[in-house]
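The structure appears below as structure tokens.
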Amino acid sequence: MLNLLQKHLTRENLVEDAKFFLLLNAGLIATALGIALFKTPNHFAFGGTSGLSIILSTLFPKWNVGFFMWVVNAALVLLGFAFLGVRSMGWTIYSSFALSFFVSLCESIWPLTKPLTNDVFLELCYAVILPAVGSAIVFNIGASTGGTDIVAMILHKYTSLEIGRALLISDLAIVLVGAYLYGPATGLYCILGMILKTTVVDGAIESINLRKVCTVVTSNPGPVRDFIVKELNRSATEERAEGAYSHEEKWVLMTVLTRSQAQHLRRFVRRSDPHAFITIVNSSEIVGKGFRSI
């Protein structure tokens, strides 16, 4: 029995590890596509390692952005080793070099000498959205894209400087250099992209984690309870209540579902118990078994 339990746990761990690795790489690939296809051709230096690499590739045109991402990320990883130690770096080491590899791969597959379209704002949108969604996927599983995250970790350990402010200053410095090299129009687009980046990342993370908190008030809780447990494979919290106006006995069932499951529950409740009362609200932060771990 113990051996079977150990095998089951090992299998679950392997599935979780495989899911983590696939999501990590999916996020890094999305980020790399945004850098290689939209940021680099338009000289959108928003900040971070990609922005610095875009500027360096302009100053030293013999090498492309992918090459400088290898160099910058390698230097940051060495700094991380020196100030944080290997164990503290974790998946950041892999992310730093994997992102550099994916950018180099994209540049070799799609070598662009000019933007894909003549619409600069459209290019800016994709330059923001793709890396933002990629970063959101990576951050959501508890990893990072490497790069300036290493600087943030070092600052957090050794100084009292606010990390967000320090990174904002460094990003702004890169944007100003980009504006000097590529002109005020590109500089203004870079500032806009830098502002939008954080907003889109936060929005993407909330969208990924979005769940529906459903509360059903009914006089006949049995069918609803069975539907939630047997059909939706979820659990619920159930408590006895009393109608304030009618003083009739009621039951309140509260459960957390995905968007599609919430729609199935809504249709079932309206069909099976027309007198039931149901509320459905959004939540992007659910902590507990079956959702996000504590």
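Residues in the structure tokens are numbered from 1 in each chain, the chains being A, B, ... in the order shown, and ligands are numbered from 1 in the order shown.
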Name the residues of segment 47-230 of chain A that come out as strand (DSSP E or B) in a backbone DSSP run; write them as a list in words. Arg211, Lys212, Val213, Cys214, Thr215, Val216, Val217 and Thr218 of chain A
Could those residues be written to a file, using C-alpha atoms, as a tab-separated table (two decimals), in the first residue's frame?
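File written: again23.tsv
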chain	number	residue	atom	x	y	z
A	211	ARG	CA	-12.42	32.37	-10.98
A	212	LYS	CA	-16.12	32.72	-10.22
A	213	VAL	CA	-17.35	32.71	-6.63
A	214	CYS	CA	-20.90	31.35	-6.82
A	215	THR	CA	-23.44	31.61	-4.01
A	216	VAL	CA	-26.76	29.77	-4.35
A	217	VAL	CA	-29.68	30.37	-1.97
A	218	THR	CA	-32.28	27.61	-2.31
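Distance annotation: of A:Asn42, A:Asn118, A:Gln261, A:Thr255, the residue with the minimal separation from Ser235 of chain A is A:Thr255; atom set is only C-alpha atoms.
The interatomic distance for the pair atom CA of Asp149 of chain A and atom CA of Phe20 of chain A works out to 19.1 Å.
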For the interface of segment 195-265 of chain A with segment 124-139 of chain A (cut-off 12 Å, counting only C-alpha atoms), please tabulate each contacting residue of segment 195-265 of chain A alongside its nearest pair of atoms and their separation in Å to one decimal, rows sorted by chain and increasing number, as a Markdown table.
| residue | atom | partner | partner_atom | distance |
| --- | --- | --- | --- | --- |
| A:Ile195 | CA | A:Val128 | CA | 9.7 |
| A:Leu196 | CA | A:Val128 | CA | 7.1 |
| A:Lys197 | CA | A:Val128 | CA | 5.7 |
| A:Thr198 | CA | A:Ala132 | CA | 7.7 |
| A:Thr199 | CA | A:Ala132 | CA | 8.8 |
| A:Val200 | CA | A:Ala132 | CA | 6.0 |
| A:Val201 | CA | A:Ala132 | CA | 4.8 |
| A:Asp202 | CA | A:Ala136 | CA | 7.3 |
| A:Gly203 | CA | A:Ala136 | CA | 8.6 |
| A:Ala204 | CA | A:Ala136 | CA | 5.9 |
| A:Ile205 | CA | A:Ala136 | CA | 5.1 |
| A:Glu206 | CA | A:Ala136 | CA | 8.9 |
| A:Ser207 | CA | A:Ala136 | CA | 9.6 |
| A:Ile208 | CA | A:Ile137 | CA | 7.9 |
| A:Asn209 | CA | A:Ile137 | CA | 10.2 |
Please extract the residues of segment 51-102 of chain A with a backbone DSSP assignment of helix (DSSP H, G or I) and present them as a count of residues only. 44
Distance query Leu232 of chain A at most 9 Å, only C-alpha atoms, self and fewer than 4 positions along chain excluded, as an MDAnalysis selection string: chainID A and resid 227:228 257 261 264:265
Using only C-alpha atoms, which residues sit within 12 Å of Gly90 of chain A once same-chain residues fewer than 5 positions away are excluded, as a PyMOL selection string? chain A and resi 77+80-81+84-85+95-96+142-146+150+153
Please indicate the distance in Å from atom CA of Leu122 of chain A to atom CA of Gly66 of chain A, rounded to one decimal place.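 Between atom CA of Leu122 of chain A and atom CA of Gly66 of chain A the gap works out to 23.1 Å.
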Using only C-alpha atoms, which of the listed residues (A:Thr148, A:Thr117, A:Thr31, A:Ser104) sits closest to Val72 of chain A? A:Thr148
Distance query segment 47-50 of chain A at most 6 Å, only C-alpha atoms, self and fewer than 6 positions along chain excluded, as a JSON list (two decimals) with N, CA, C and O atoms, in the first residue's frame:
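part-v5.json, written as the output of this step:
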[["chain", "number", "residue", "atom", "x", "y", "z"],
["A", 147, "GLY", "N", 17.13, 38.14, -16.17],
["A", 147, "GLY", "CA", 17.49, 39.51, -16.51],
["A", 147, "GLY", "C", 17.53, 40.42, -15.31],
["A", 147, "GLY", "O", 18.19, 40.15, -14.30],
["A", 148, "THR", "N", 16.77, 41.53, -15.39],
["A", 148, "THR", "CA", 16.80, 42.53, -14.33],
["A", 148, "THR", "C", 16.17, 42.02, -13.03],
["A", 148, "THR", "O", 16.33, 42.67, -11.98],
["A", 171, "ASP", "N", 15.17, 51.49, -16.09],
["A", 171, "ASP", "CA", 14.40, 51.39, -17.34],
["A", 171, "ASP", "C", 14.28, 52.76, -18.01],
["A", 171, "ASP", "O", 14.38, 52.88, -19.23],
["A", 174, "ILE", "N", 17.43, 53.68, -19.83],
["A", 174, "ILE", "CA", 17.52, 52.98, -21.12],
["A", 174, "ILE", "C", 16.62, 53.65, -22.15],
["A", 174, "ILE", "O", 17.00, 53.84, -23.31]]
